[in-house]
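Participant: Sharing model.txt here; it has compact mmCIF, C-alpha atoms and all ligand atoms.
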```
# COMPACT_ATOMS: atom_id res chain seq x y z
CA MET C 15 68.31 177.75 -75.90
CA LYS C 16 66.74 175.37 -73.44
CA TYR C 17 64.75 176.70 -70.49
CA PRO C 18 65.82 175.44 -67.06
CA LYS C 19 64.34 172.10 -66.03
CA ILE C 20 61.00 172.05 -64.26
CA TRP C 21 60.99 168.99 -62.01
CA LEU C 22 57.97 166.97 -60.95
CA SER C 23 58.36 167.45 -57.19
CA PRO C 24 61.83 168.55 -56.09
CA PRO C 25 62.98 169.04 -52.46
CA HIS C 26 62.15 172.53 -51.20
CA MET C 27 64.13 173.81 -48.23
CA SER C 28 62.81 176.51 -45.90
CA GLY C 29 66.33 177.73 -45.13
CA ASN C 30 66.09 176.90 -41.43
CA GLU C 31 67.12 173.24 -41.78
CA ILE C 32 70.80 174.06 -41.52
CA ARG C 33 70.36 175.66 -38.06
CA TYR C 34 68.99 172.40 -36.67
CA ILE C 35 71.69 170.40 -38.42
CA ASN C 36 74.31 172.66 -36.84
CA LYS C 37 72.77 171.95 -33.43
CA ALA C 38 73.35 168.24 -34.02
CA PHE C 39 76.98 168.97 -34.91
CA ASP C 40 77.46 171.35 -31.95
CA SER C 41 76.19 168.74 -29.49
CA ASN C 42 78.03 165.94 -31.34
CA TRP C 43 74.86 163.81 -31.47
CA ILE C 44 75.76 162.50 -34.93
CA SER C 45 73.76 159.45 -34.11
CA THR C 46 70.32 157.86 -34.03
CA PHE C 47 69.82 159.53 -30.65
CA GLY C 48 69.48 163.24 -29.91
CA ASP C 49 67.29 166.28 -29.41
CA ASN C 50 66.43 166.72 -33.08
CA ILE C 51 64.79 163.30 -33.20
CA ASP C 52 62.77 163.90 -30.01
CA LEU C 53 61.72 167.37 -31.16
CA PHE C 54 60.86 166.24 -34.70
CA GLU C 55 58.63 163.50 -33.27
CA SER C 56 56.85 165.88 -30.92
CA ARG C 57 56.35 168.47 -33.71
CA ILE C 58 54.60 165.86 -35.84
CA GLU C 59 52.60 164.65 -32.83
CA SER C 60 51.20 168.11 -32.12
CA TYR C 61 50.62 168.72 -35.85
CA LEU C 62 48.51 165.57 -36.19
CA LYS C 63 46.68 165.49 -32.85
CA GLU C 64 47.69 165.35 -29.23
CA SER C 65 47.11 161.62 -28.79
CA SER C 66 49.32 160.68 -31.77
CA LYS C 67 52.55 158.88 -30.95
CA VAL C 68 55.23 159.24 -33.61
CA VAL C 69 58.43 157.26 -34.17
CA ALA C 70 60.95 158.76 -36.62
CA LEU C 71 62.47 156.05 -38.85
CA SER C 72 64.96 155.67 -41.68
CA SER C 73 62.23 155.39 -44.36
CA GLY C 74 58.55 155.00 -45.04
CA THR C 75 59.24 151.47 -46.22
CA ALA C 76 60.81 150.64 -42.84
CA ALA C 77 57.69 152.06 -41.16
CA ILE C 78 55.39 149.78 -43.18
CA HIS C 79 57.64 146.80 -42.38
CA LEU C 80 57.46 147.52 -38.64
CA ALA C 81 53.70 148.20 -38.80
CA LEU C 82 53.16 144.71 -40.24
CA ILE C 83 55.35 143.17 -37.53
CA LEU C 84 53.46 145.05 -34.80
CA LEU C 85 50.20 143.64 -36.19
CA GLY C 86 51.63 140.13 -35.96
CA VAL C 87 51.97 139.45 -39.70
CA GLY C 88 54.19 136.46 -40.41
CA GLU C 89 54.88 133.68 -42.87
CA GLU C 90 51.87 132.57 -44.98
CA ASP C 91 49.61 135.30 -43.57
CA GLU C 92 47.54 137.29 -46.05
CA VAL C 93 47.57 141.10 -46.16
CA ILE C 94 45.22 143.18 -48.27
CA CYS C 95 46.86 146.05 -50.16
CA GLN C 96 45.75 148.75 -52.58
CA SER C 97 47.04 147.90 -56.08
CA PHE C 98 47.29 151.47 -57.39
CA THR C 99 50.36 152.56 -55.42
CA PHE C 100 54.14 152.58 -55.27
CA CYS C 101 55.82 149.19 -54.77
CA ALA C 102 56.96 150.18 -51.25
CA SER C 103 53.38 149.80 -49.97
CA ALA C 104 53.55 146.05 -50.65
CA ASN C 105 57.23 145.06 -50.57
CA PRO C 106 57.35 144.65 -46.76
CA ILE C 107 54.57 142.02 -47.02
CA ILE C 108 57.03 139.95 -49.06
CA TYR C 109 59.92 140.66 -46.64
CA LEU C 110 57.81 138.83 -44.04
CA LYS C 111 57.03 135.91 -46.40
CA ALA C 112 53.36 136.84 -46.17
CA ARG C 113 51.05 137.09 -49.21
CA PRO C 114 49.57 140.31 -50.60
CA ILE C 115 46.02 140.41 -51.92
CA PHE C 116 45.57 143.35 -54.25
CA ILE C 117 42.47 145.53 -54.45
CA ASP C 118 41.48 147.77 -57.36
CA SER C 119 40.62 151.47 -57.12
CA GLU C 120 37.33 153.35 -57.36
CA MET C 121 36.81 156.31 -59.72
CA ASP C 122 36.29 159.13 -57.19
CA THR C 123 39.55 159.18 -55.21
CA TRP C 124 41.52 156.61 -57.29
CA ASN C 125 42.15 154.75 -54.02
CA MET C 126 41.02 151.40 -52.63
CA SER C 127 37.54 150.35 -53.73
CA PRO C 128 35.46 149.55 -50.61
CA ILE C 129 33.32 147.20 -52.72
CA TYR C 130 36.22 145.03 -53.86
CA LEU C 131 37.76 145.25 -50.39
CA GLU C 132 34.69 143.65 -48.83
CA GLU C 133 34.44 141.10 -51.65
CA ALA C 134 38.06 140.09 -51.05
CA ILE C 135 37.59 139.77 -47.28
CA ASN C 136 34.53 137.55 -47.71
CA HIS C 137 36.29 135.42 -50.31
CA ARG C 138 39.34 134.87 -48.08
CA ILE C 139 37.24 134.17 -44.96
CA LEU C 140 35.34 131.48 -46.92
CA LYS C 141 38.73 129.92 -47.73
CA GLY C 142 39.62 129.96 -44.05
CA LYS C 143 42.27 132.67 -44.57
CA LYS C 144 41.08 135.81 -42.83
CA PRO C 145 43.45 138.66 -43.83
CA LYS C 146 45.68 139.99 -41.04
CA ALA C 147 45.73 143.66 -42.12
CA ILE C 148 44.60 146.11 -44.79
CA ILE C 149 47.05 148.62 -46.33
CA VAL C 150 45.18 151.70 -47.57
CA VAL C 151 46.98 154.45 -49.51
CA ASN C 152 46.01 158.11 -49.93
CA SER C 153 47.48 158.27 -53.43
CA TYR C 154 48.84 161.60 -54.65
CA GLY C 155 47.63 163.14 -51.37
CA MET C 156 43.94 162.34 -51.96
CA PRO C 157 42.27 160.68 -48.96
CA ALA C 158 40.64 157.33 -49.67
CA LYS C 159 36.95 156.62 -48.93
CA TRP C 160 37.74 156.37 -45.23
CA ASP C 161 34.15 156.31 -43.95
CA GLU C 162 33.35 153.13 -45.89
CA ILE C 163 36.78 151.55 -45.39
CA LEU C 164 36.79 152.09 -41.61
CA THR C 165 33.28 150.61 -41.38
CA ILE C 166 34.48 147.46 -43.18
CA SER C 167 37.60 147.27 -40.98
CA LYS C 168 35.44 147.41 -37.83
CA LYS C 169 32.83 144.98 -39.18
CA TYR C 170 35.43 142.29 -39.87
CA LYS C 171 37.86 143.31 -37.10
CA ILE C 172 40.84 143.64 -39.46
CA PRO C 173 43.27 146.45 -38.59
CA ILE C 174 44.32 149.10 -41.10
CA ILE C 175 47.78 150.35 -41.97
CA GLU C 176 47.34 153.82 -43.45
CA ASP C 177 50.09 154.50 -46.00
CA SER C 178 50.19 158.29 -45.81
CA ALA C 179 53.62 158.56 -47.43
CA GLN C 180 52.20 161.14 -49.84
CA SER C 181 49.46 162.70 -47.75
CA LEU C 182 50.87 164.58 -44.76
CA GLY C 183 48.71 167.71 -44.58
CA SER C 184 45.62 166.06 -46.08
CA SER C 185 42.53 165.19 -44.06
CA PHE C 186 39.27 163.29 -44.26
CA ASP C 187 36.16 164.64 -42.54
CA GLY C 188 38.38 166.92 -40.44
CA ARG C 189 40.65 164.05 -39.35
CA LYS C 190 44.27 164.39 -40.45
CA CYS C 191 45.81 161.75 -42.71
CA GLY C 192 48.38 159.98 -40.57
CA THR C 193 45.79 159.36 -37.82
CA LEU C 194 43.21 157.35 -39.76
CA GLY C 195 44.70 153.86 -39.55
CA ASP C 196 45.30 151.64 -36.53
CA ILE C 197 48.89 152.33 -37.52
CA SER C 198 49.84 155.05 -39.99
CA VAL C 199 52.98 155.69 -41.98
CA LEU C 200 54.68 158.81 -43.36
CA SER C 201 57.63 159.19 -45.75
CA PHE C 202 60.15 162.03 -45.88
CA ASN C 203 61.84 160.87 -49.05
CA GLY C 204 63.24 163.62 -51.30
CA ASN C 205 60.16 164.00 -53.49
CA LYS C 206 57.48 163.98 -50.77
CA ILE C 207 55.58 166.98 -49.39
CA ILE C 208 58.34 167.55 -46.84
CA THR C 209 61.65 165.72 -46.79
CA THR C 210 64.54 164.72 -44.55
CA SER C 211 66.40 163.52 -47.71
CA ALA C 212 65.51 159.99 -46.64
CA GLY C 213 63.24 159.13 -43.75
CA GLY C 214 59.85 158.05 -42.54
CA ALA C 215 57.65 157.75 -39.48
CA LEU C 216 55.29 155.30 -37.83
CA ILE C 217 52.26 156.72 -36.04
CA CYS C 218 50.21 154.92 -33.42
CA ASP C 219 48.08 156.05 -30.50
CA LYS C 220 49.61 154.19 -27.56
CA GLN C 221 52.89 154.95 -25.78
CA GLN C 222 53.41 151.20 -25.33
CA VAL C 223 53.28 150.63 -29.11
CA LYS C 224 55.65 153.57 -29.67
CA ASN C 225 58.11 152.05 -27.18
CA LYS C 226 57.89 148.67 -28.89
CA THR C 227 58.48 150.31 -32.30
CA ILE C 228 61.61 152.08 -31.04
CA PHE C 229 62.79 148.78 -29.52
CA LEU C 230 62.38 146.93 -32.84
CA ALA C 231 63.93 149.81 -34.82
CA ALA C 232 67.04 149.81 -32.61
CA GLN C 233 68.01 146.13 -32.92
CA SER C 234 65.70 144.82 -30.16
CA LYS C 235 68.19 145.36 -27.34
CA GLU C 236 66.80 144.07 -24.04
CA ALA C 237 67.34 146.17 -20.92
CA SER C 238 70.61 144.70 -19.69
CA ASN C 239 74.20 145.83 -19.14
CA PHE C 240 75.38 143.57 -21.95
CA TYR C 241 73.74 142.99 -25.34
CA THR C 242 70.83 140.62 -24.95
CA HIS C 243 68.39 139.88 -27.78
CA LYS C 244 65.24 137.80 -27.44
CA GLU C 245 63.87 138.72 -30.84
CA ILE C 246 65.16 139.87 -34.21
CA GLY C 247 65.55 143.61 -34.50
CA TYR C 248 66.09 146.14 -37.27
CA ASN C 249 68.34 149.15 -37.77
CA TYR C 250 65.54 151.51 -38.76
CA ARG C 251 65.93 154.62 -36.57
CA MET C 252 66.20 158.07 -38.14
CA SER C 253 69.51 159.93 -37.89
CA ASN C 254 69.61 162.94 -35.56
CA VAL C 255 71.23 164.95 -38.39
CA LEU C 256 68.39 164.19 -40.80
CA ALA C 257 65.76 164.90 -38.13
CA GLY C 258 67.23 168.43 -38.20
CA ILE C 259 66.15 168.77 -41.83
CA GLY C 260 62.69 167.58 -40.78
CA LEU C 261 62.44 170.28 -38.09
CA GLY C 262 63.20 172.98 -40.66
CA GLN C 263 60.59 171.45 -42.98
CA MET C 264 57.85 171.22 -40.32
CA GLU C 265 58.05 175.02 -39.97
CA ILE C 266 56.69 175.50 -43.48
CA LEU C 267 54.49 172.43 -43.95
CA ASP C 268 51.19 174.34 -43.97
CA GLU C 269 52.55 176.91 -46.41
CA TYR C 270 53.75 174.13 -48.75
CA VAL C 271 50.35 172.44 -48.61
CA LYS C 272 48.81 175.78 -49.65
CA LYS C 273 51.29 176.09 -52.54
CA ARG C 274 50.55 172.58 -53.81
CA ARG C 275 46.83 173.25 -53.60
CA GLN C 276 47.37 176.45 -55.60
CA ASN C 277 49.19 174.38 -58.23
CA ASN C 278 46.15 172.16 -58.47
CA PHE C 279 43.92 175.20 -58.84
CA HIS C 280 46.21 176.47 -61.61
CA TYR C 281 45.84 173.17 -63.50
CA LYS C 282 42.07 173.33 -63.01
CA SER C 283 42.00 176.69 -64.78
CA ILE C 284 44.32 175.45 -67.57
CA PHE C 285 42.09 172.47 -68.27
CA GLU C 286 38.78 174.25 -67.84
CA ASP C 287 38.43 174.75 -71.59
CA VAL C 288 40.35 171.68 -72.72
CA LYS C 289 38.02 168.83 -73.59
CA GLY C 290 38.83 165.23 -72.67
CA ILE C 291 40.92 165.93 -69.56
CA LYS C 292 39.90 165.07 -66.02
CA LEU C 293 41.87 166.43 -63.06
CA LEU C 294 42.00 164.45 -59.80
CA GLU C 295 39.84 166.57 -57.47
CA GLU C 296 38.17 166.37 -54.08
CA VAL C 297 34.74 164.81 -54.60
CA SER C 298 33.07 166.43 -51.59
CA LYS C 299 33.66 168.71 -48.62
CA ASN C 300 34.80 165.65 -46.61
CA TYR C 301 38.01 165.48 -48.59
CA PHE C 302 40.97 167.80 -48.14
CA SER C 303 43.97 166.86 -50.30
CA ASN C 304 47.47 168.30 -49.98
CA HIS C 305 47.56 167.75 -53.78
CA TRP C 306 51.08 166.37 -53.45
CA LEU C 307 50.97 165.69 -57.18
CA SER C 308 48.40 167.13 -59.57
CA CYS C 309 47.25 164.29 -61.84
CA ILE C 310 45.08 164.08 -64.93
CA LEU C 311 43.35 161.41 -66.97
CA ILE C 312 43.25 161.99 -70.73
CA ASP C 313 40.47 160.70 -72.95
CA LYS C 314 42.42 160.32 -76.18
CA LYS C 315 39.32 160.19 -78.40
CA ILE C 316 38.17 163.61 -77.21
CA ALA C 317 41.52 165.34 -76.55
CA ASN C 318 43.20 163.97 -79.70
CA PHE C 319 46.40 163.28 -77.77
CA ASP C 320 47.32 160.76 -75.08
CA ASN C 321 49.47 160.72 -71.95
CA LYS C 322 52.57 159.56 -73.85
CA LYS C 323 52.23 162.43 -76.30
CA LEU C 324 51.81 165.01 -73.51
CA ASN C 325 54.72 163.49 -71.56
CA SER C 326 57.12 163.75 -74.51
CA PHE C 327 55.78 167.16 -75.56
CA LEU C 328 56.51 168.53 -72.06
CA LEU C 329 59.91 166.82 -71.98
CA LYS C 330 60.92 168.61 -75.19
CA GLU C 331 60.35 171.86 -73.28
CA ASN C 332 62.45 170.50 -70.40
CA ILE C 333 59.38 169.91 -68.22
CA GLU C 334 59.19 166.68 -66.23
CA SER C 335 55.92 164.76 -65.91
CA ARG C 336 55.39 161.17 -64.84
CA PHE C 337 53.10 158.28 -65.67
CA LEU C 338 50.83 157.17 -62.85
CA TRP C 339 51.43 153.98 -60.84
CA LYS C 340 51.45 150.82 -62.88
CA PRO C 341 49.13 148.81 -60.62
CA LEU C 342 50.98 146.31 -58.46
CA HIS C 343 48.78 143.37 -59.51
CA THR C 344 50.16 143.84 -63.05
CA GLN C 345 53.82 144.03 -61.97
CA PRO C 346 56.00 141.02 -62.83
CA VAL C 347 57.00 140.50 -59.16
CA PHE C 348 53.40 140.56 -57.88
CA LYS C 349 51.45 138.99 -60.77
CA ARG C 350 51.00 135.61 -59.09
CA TYR C 351 49.08 136.97 -56.09
CA ASN C 352 45.32 137.31 -55.70
CA TYR C 353 43.61 140.40 -57.05
CA PHE C 354 40.04 141.69 -56.74
CA GLY C 355 38.76 144.38 -59.07
CA ASN C 356 37.72 145.59 -62.47
CA ASN C 357 41.01 147.13 -63.67
CA GLU C 358 39.97 150.75 -63.10
CA SER C 359 43.56 151.25 -61.88
CA VAL C 360 44.91 149.89 -65.18
CA GLY C 361 42.83 152.59 -66.89
CA PHE C 362 44.48 155.23 -64.69
CA PHE C 363 47.90 153.93 -65.69
CA ASN C 364 46.99 153.88 -69.39
CA ARG C 365 45.42 157.34 -69.46
CA GLY C 366 47.04 159.27 -66.62
CA LEU C 367 49.89 161.69 -66.08
CA ALA C 368 51.28 163.51 -63.03
CA LEU C 369 52.25 167.11 -63.72
CA PRO C 370 54.90 169.33 -62.09
CA SER C 371 53.63 169.97 -58.57
CA GLY C 372 56.51 171.23 -56.44
CA SER C 373 55.81 173.72 -53.65
CA GLY C 374 58.52 175.93 -55.16
CA LEU C 375 56.88 176.19 -58.59
CA THR C 376 57.04 179.85 -59.72
CA LEU C 377 54.48 181.82 -61.69
CA ILE C 378 56.87 181.92 -64.66
CA GLU C 379 57.19 178.14 -64.55
CA LYS C 380 53.43 177.69 -64.22
CA ASN C 381 52.94 179.88 -67.29
CA ARG C 382 55.55 177.91 -69.22
CA ILE C 383 53.66 174.71 -68.40
CA ALA C 384 50.31 176.29 -69.35
CA ASP C 385 51.69 177.60 -72.67
CA THR C 386 53.18 174.22 -73.55
CA ILE C 387 49.93 172.39 -72.83
CA LYS C 388 47.96 174.98 -74.81
CA ARG C 389 50.27 174.56 -77.80
CA LEU C 390 49.69 170.81 -77.77
CA THR C 391 45.92 171.19 -77.57
CA LEU C 392 45.97 173.66 -80.50
CA GLU C 393 48.12 171.29 -82.58
CA SER C 394 45.95 168.27 -81.82
C1 LIG C 401 57.36 157.03 -50.96
C2 LIG C 401 56.35 156.00 -50.64
C3 LIG C 401 56.62 154.94 -49.76
C4 LIG C 401 57.99 154.63 -49.25
O1 LIG C 401 58.60 155.63 -48.54
P1 LIG C 401 60.22 155.66 -48.49
O2 LIG C 401 60.46 156.70 -47.44
O3 LIG C 401 60.67 156.08 -49.85
O4 LIG C 401 60.69 154.32 -48.10
C5 LIG C 401 55.60 154.07 -49.44
N1 LIG C 401 54.38 154.21 -49.95
C6 LIG C 401 54.07 155.20 -50.80
C7 LIG C 401 52.68 155.32 -51.30
C8 LIG C 401 55.06 156.12 -51.19
O5 LIG C 401 54.75 157.08 -52.06
```
As C-alpha cells - that is how I would like this structure written.
Ligand SMILES: *Cc1c(COP(=O)(O)O)cnc(C)c1O

Facilitator:
Amino acid sequence: MKYPKIWLSPPHMSGNEIRYINKAFDSNWISTFGDNIDLFESRIESYLKESSKVVALSSGTAAIHLALILLGVGEEDEVICQSFTFCASANPIIYLKARPIFIDSEMDTWNMSPIYLEEAINHRILKGKKPKAIIVVNSYGMPAKWDEILTISKKYKIPIIEDSAQSLGSSFDGRKCGTLGDISVLSFNGNKIITTSAGGALICDKQQVKNKTIFLAAQSKEASNFYTHKEIGYNYRMSNVLAGIGLGQMEILDEYVKKRRQNNFHYKSIFEDVKGIKLLEEVSKNYFSNHWLSCILIDKKIANFDNKKLNSFLLKENIESRFLWKPLHTQPVFKRYNYFGNNESVGFFNRGLALPSGSGLTLIEKNRIADTIKRLTLES
C-alpha cells in the first residue's frame, strides 16, 4: 500500500479565508475593486513597516513587469538579474524588449554574488551601457548579501528590484524582505509561503508611486468621464475575491514562518550525522530566513548518492522533492545574453535538491521523510 503523497510546498489554509470570500460575495464586489483588496494591502503594509506602500496585483510576474516600467526600462536597455532563480524574475525584461545580464551566485546565501555584480556594472559602463536596474532574489527565502549589494547600488546609482516572491517573513539585519529594494515584489502563487491561489504585490515607499502602479495595473485610465488613455496600460489588479484568501492567510503568516523554520531544523538534525550533505542555512545573525523551501547540496563522492538518486528514492515512497533552479544563463531562451560568474549556480543545480517544506507538514510525515533518507544513506 502506498502512503499518502507528501508534497513539496502545498497551499495551507487557515480556515478563515472563506469568511472574507463570503464578504466579497455578500457585498457583490466580485471585481478588482473592494474592501478585501484595500484591507489586504494595509495588512501587508503594517506587517512590513508603516512607510511601505503595497499594491495587490494578479501575480508576482506582473509586479516585476510593472516595477521595470516604473524604473523606466524600455527597448534595448540592460537590466542585471540573478541567474539562480525562477524564470519569472527575468521574463518581464524580455516583455519590454530590454536585455538581461545574468549574475552568478555566491556560496553563503546562494544568491547574487556582489563581486560579479560589480564586475558586470563596470564592464557595461565601459561599453557605454549603464544598466537600468538590478533584480535581486532571496532564493528559497534566504536573504541575499544585502549590505554589500545595497552599497554597490548606491555607489553606481542603479536602483534595485527586490524579488521577494519566496521570502515574505524573512529579514536581513532586522529589515523585512519586501522593503529592501527601491521596489520590491511578492508572490501569492499556490506554492509560496502564503497564497491567494494566484496573486502578487508591488511594494514601494511613496504614495505617488503606489498611485501610478494602480493606474498602470488598471489599464491606464485617465481621470475623465469617458475612457481616455495617454499610455499603454495593463490588466494586472488582484481580484477582490482572491484578496479575501490573502486576508485569511495573513492571520497565520508568522505561525507558518515558524513551522517552515522548524522543518529546516528537522532537516538539520536528520543530516547532522550524514556525511556529504550541506543544508542551506543562515550564515550569521544578520540573516533570518522563512526557510520557504529547505534545500541541500549533496557531495556525491562523500555521500555515495546524488540528487537524482535521492529524488527518485523519495518519489518511490510518494514523497515529492524538486531539483534546484537551472540557472537562467544556461536556459535555451536566455543563453545568448551576457553572463558574469564562475558557475557556482550550475553547481547548485547539479548537486542540489529541495525537500518537502510545507507549513502543514506533520510529525508523522517528517518521520517518514527521515526514515526514507536514512534508508538511502544506509544502502549507499
Ligand atoms: C513565484 C516566483 C515569481 C513569480 O510569481 P507569480 O506570482 O507566480 O507570477 C517570481 N520570482 C520568483 C523568484 C518566484 O519564485

Participant: Taking 6 positions as the minimum chain separation for residues in the same chain, which residues sit within 8 Å of Met264 in chain C when counting all atoms listed in the file? Answer as a list of chain:residue names.

Facilitator: C:Arg57, C:Ile58, C:Ile208

Participant: Give me the residues near Ile387 in chain C as a ChimeraX atom specification, where near means some atom within 12 Å (using only C-alpha atoms) and where sequence neighbours in that chain fewer than 5 positions away do not count.

Facilitator: /C:281,284-285,287-288,291,317,319,321,323-331,333,335,369,380-382,392-394

Participant: Find the residues near range 298-308 of chain C: any atom within 6 Å, counting only C-alpha atoms, skip ones fewer than 4 places away on the same chain, and give them as number ranges by chain.

Facilitator: C: 154-156, 183-187, 271, 274-275, 278, 368-369, 371

Participant: Name the residues, by chain letter and number, that sit within 6 Å of ligand LIG 401 (chain C) using all atoms listed in the file, and give them as a list in words.

Facilitator: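 Written in the requested form, the residues are Ser73, Gly74, Thr75, Thr99, Phe100, Ala102, Ser103, Asp177, Ala179, Gln180, Ser201, Phe202, Asn203, Gly213 and Gly214 of chain C.
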
Participant: As JSON, what would the box around range 323-330 of chain C look like: edges along x, y and z, 8 Å added on every side, centre and edge lengths in Å to one decimal?

Facilitator:
```
{"center_x": 56.4, "center_y": 165.5, "center_z": -73.9, "size_x": 25.1, "size_y": 22.2, "size_z": 20.7}
```

Participant: Got a sec to check which residues sit within 7 Å of (64.0, 156.3, -34.6), counting all atoms listed in the file, and write them as an MDAnalysis selection string?

Facilitator: chainID C and resid 46 69:71 228 231 250:252

Participant: What separation in Å, quoted to one decimal, exists between CA of Phe362 in chain C and CA of Lys273 in chain C?

Facilitator: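 Interatomic distance, CA of Phe362 in chain C to CA of Lys273 in chain C: 25.1 Å.
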
Participant: Can you pull out every residue within 12 Å of Gln222 in chain C, counting all atoms listed in the file, but drop anything in the same chain fewer than 5 positions away, and send it as a ChimeraX atom specification?

Facilitator: /C:67-69,84,227-229

Participant: Could you give me, as an MDAnalysis selection string, the residues that sit within 12 Å of (48.0, 145.6, -60.6) in the file's coordinates, counting all atoms listed in the file?

Facilitator: chainID C and resid 95:101 104 114:119 339:363

Participant: Of the residues C:Trp21, C:Trp124, C:Tyr130, C:Tyr170, which is the one nearest to Lys146 in chain C, using only C-alpha atoms?

Facilitator: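 Checking each candidate against Lys146 in chain C, we get C:Tyr170 as the closest.
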
Participant: For a test of reading the model, state the distance in Å between CA of Thr376 in chain C and CA of Gln263 in chain C, rounded to one decimal.

Facilitator: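 We find that CA of Thr376 in chain C and CA of Gln263 in chain C lie 19.1 Å from each other.
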
Participant: Which residues are close to Ile148 in chain C, i.e. within 9 Å by all atoms listed in the file, leaving aside same-chain residues fewer than 6 positions away? Reply as a list in words.

Facilitator: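 Within the cut-off, the hits are Val93, Ile94, Cys95, Gln96, Leu131, Ser167, Ile172, Pro173, Ile174, Ile175 and Glu176 of chain C.
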
Participant: Taking all atoms listed in the file into account, which of C:Asp385, C:Ile378, C:Ser153, C:Glu295 comes nearest Pro18 in chain C?

Facilitator: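 Ranked by minimum distance to Pro18 in chain C, first place goes to C:Ile378.
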
Participant: For a test of reading the model, state the distance in Å between CA of Ser45 in chain C and CA of His79 in chain C, rounded to one decimal.

Facilitator: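 These atoms are spaced 22.1 Å apart.
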
Participant: With all atoms listed in the file as the basis for distance, which of C:Met27, C:Glu133, C:Glu296, C:Asn254 is at the shortest distance from Gly204 in chain C?

Facilitator: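 Nearest candidate to Gly204 in chain C out of C:Met27, C:Glu133, C:Glu296, C:Asn254: C:Met27.
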
Participant: I need the residue nearest Val151 in chain C from this list: C:Ser181, C:Gly188, C:Thr386, C:Thr391. Use all atoms listed in the file for the distance.

Facilitator: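 Ranking C:Ser181, C:Gly188, C:Thr386, C:Thr391 by distance to Val151 in chain C, first place goes to C:Ser181.
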
Participant: Select, from C:Ile207, C:Asp122, C:Arg365, C:Lys143, the residue with the minimum atom-to-atom distance to Glu90 in chain C, counting only C-alpha atoms.

Facilitator: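 The closest residue to Glu90 in chain C is C:Lys143.
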
Participant: Atoms are missing here; could range 353-365 of chain C be completed with N, CA, C and O atoms and written as a PDB file, in the coordinates of the input?

Facilitator:
```pdb
ATOM      1  N   TYR C 353      44.007 139.027 -56.746  1.00  0.00           N
ATOM      2  CA  TYR C 353      43.610 140.400 -57.050  1.00  0.00           C
ATOM      3  C   TYR C 353      42.092 140.452 -57.186  1.00  0.00           C
ATOM      4  O   TYR C 353      41.486 139.556 -57.779  1.00  0.00           O
ATOM      5  N   PHE C 354      41.481 141.499 -56.624  1.00  0.00           N
ATOM      6  CA  PHE C 354      40.040 141.690 -56.740  1.00  0.00           C
ATOM      7  C   PHE C 354      39.779 143.061 -57.360  1.00  0.00           C
ATOM      8  O   PHE C 354      40.253 144.070 -56.827  1.00  0.00           O
ATOM      9  N   GLY C 355      39.053 143.080 -58.474  1.00  0.00           N
ATOM     10  CA  GLY C 355      38.760 144.380 -59.070  1.00  0.00           C
ATOM     11  C   GLY C 355      38.329 144.287 -60.505  1.00  0.00           C
ATOM     12  O   GLY C 355      38.083 143.192 -61.036  1.00  0.00           O
ATOM     13  N   ASN C 356      38.243 145.456 -61.118  1.00  0.00           N
ATOM     14  CA  ASN C 356      37.720 145.590 -62.470  1.00  0.00           C
ATOM     15  C   ASN C 356      38.683 146.376 -63.356  1.00  0.00           C
ATOM     16  O   ASN C 356      38.298 146.949 -64.362  1.00  0.00           O
ATOM     17  N   ASN C 357      39.947 146.445 -62.915  1.00  0.00           N
ATOM     18  CA  ASN C 357      41.010 147.130 -63.670  1.00  0.00           C
ATOM     19  C   ASN C 357      40.758 148.609 -63.940  1.00  0.00           C
ATOM     20  O   ASN C 357      41.227 149.141 -64.941  1.00  0.00           O
ATOM     21  N   GLU C 358      40.049 149.283 -63.015  1.00  0.00           N
ATOM     22  CA  GLU C 358      39.970 150.750 -63.100  1.00  0.00           C
ATOM     23  C   GLU C 358      41.386 151.329 -63.000  1.00  0.00           C
ATOM     24  O   GLU C 358      41.733 152.282 -63.692  1.00  0.00           O
ATOM     25  N   SER C 359      42.196 150.734 -62.105  1.00  0.00           N
ATOM     26  CA  SER C 359      43.560 151.250 -61.880  1.00  0.00           C
ATOM     27  C   SER C 359      44.428 151.094 -63.125  1.00  0.00           C
ATOM     28  O   SER C 359      45.310 151.922 -63.374  1.00  0.00           O
ATOM     29  N   VAL C 360      44.160 150.059 -63.924  1.00  0.00           N
ATOM     30  CA  VAL C 360      44.910 149.890 -65.180  1.00  0.00           C
ATOM     31  C   VAL C 360      44.548 151.034 -66.132  1.00  0.00           C
ATOM     32  O   VAL C 360      45.408 151.581 -66.836  1.00  0.00           O
ATOM     33  N   GLY C 361      43.278 151.433 -66.094  1.00  0.00           N
ATOM     34  CA  GLY C 361      42.830 152.590 -66.890  1.00  0.00           C
ATOM     35  C   GLY C 361      43.552 153.858 -66.470  1.00  0.00           C
ATOM     36  O   GLY C 361      43.950 154.668 -67.324  1.00  0.00           O
ATOM     37  N   PHE C 362      43.754 154.042 -65.159  1.00  0.00           N
ATOM     38  CA  PHE C 362      44.480 155.230 -64.690  1.00  0.00           C
ATOM     39  C   PHE C 362      45.901 155.228 -65.243  1.00  0.00           C
ATOM     40  O   PHE C 362      46.419 156.248 -65.672  1.00  0.00           O
ATOM     41  N   PHE C 363      46.526 154.037 -65.188  1.00  0.00           N
ATOM     42  CA  PHE C 363      47.900 153.930 -65.690  1.00  0.00           C
ATOM     43  C   PHE C 363      47.941 154.236 -67.199  1.00  0.00           C
ATOM     44  O   PHE C 363      48.820 154.958 -67.679  1.00  0.00           O
ATOM     45  N   ASN C 364      46.970 153.698 -67.938  1.00  0.00           N
ATOM     46  CA  ASN C 364      46.990 153.880 -69.390  1.00  0.00           C
ATOM     47  C   ASN C 364      46.691 155.316 -69.820  1.00  0.00           C
ATOM     48  O   ASN C 364      47.162 155.776 -70.856  1.00  0.00           O
ATOM     49  N   ARG C 365      45.889 156.024 -69.015  1.00  0.00           N
ATOM     50  CA  ARG C 365      45.420 157.340 -69.460  1.00  0.00           C
ATOM     51  C   ARG C 365      45.984 158.505 -68.675  1.00  0.00           C
ATOM     52  O   ARG C 365      45.780 159.662 -69.031  1.00  0.00           O
TER      53      ARG C 365
END
```
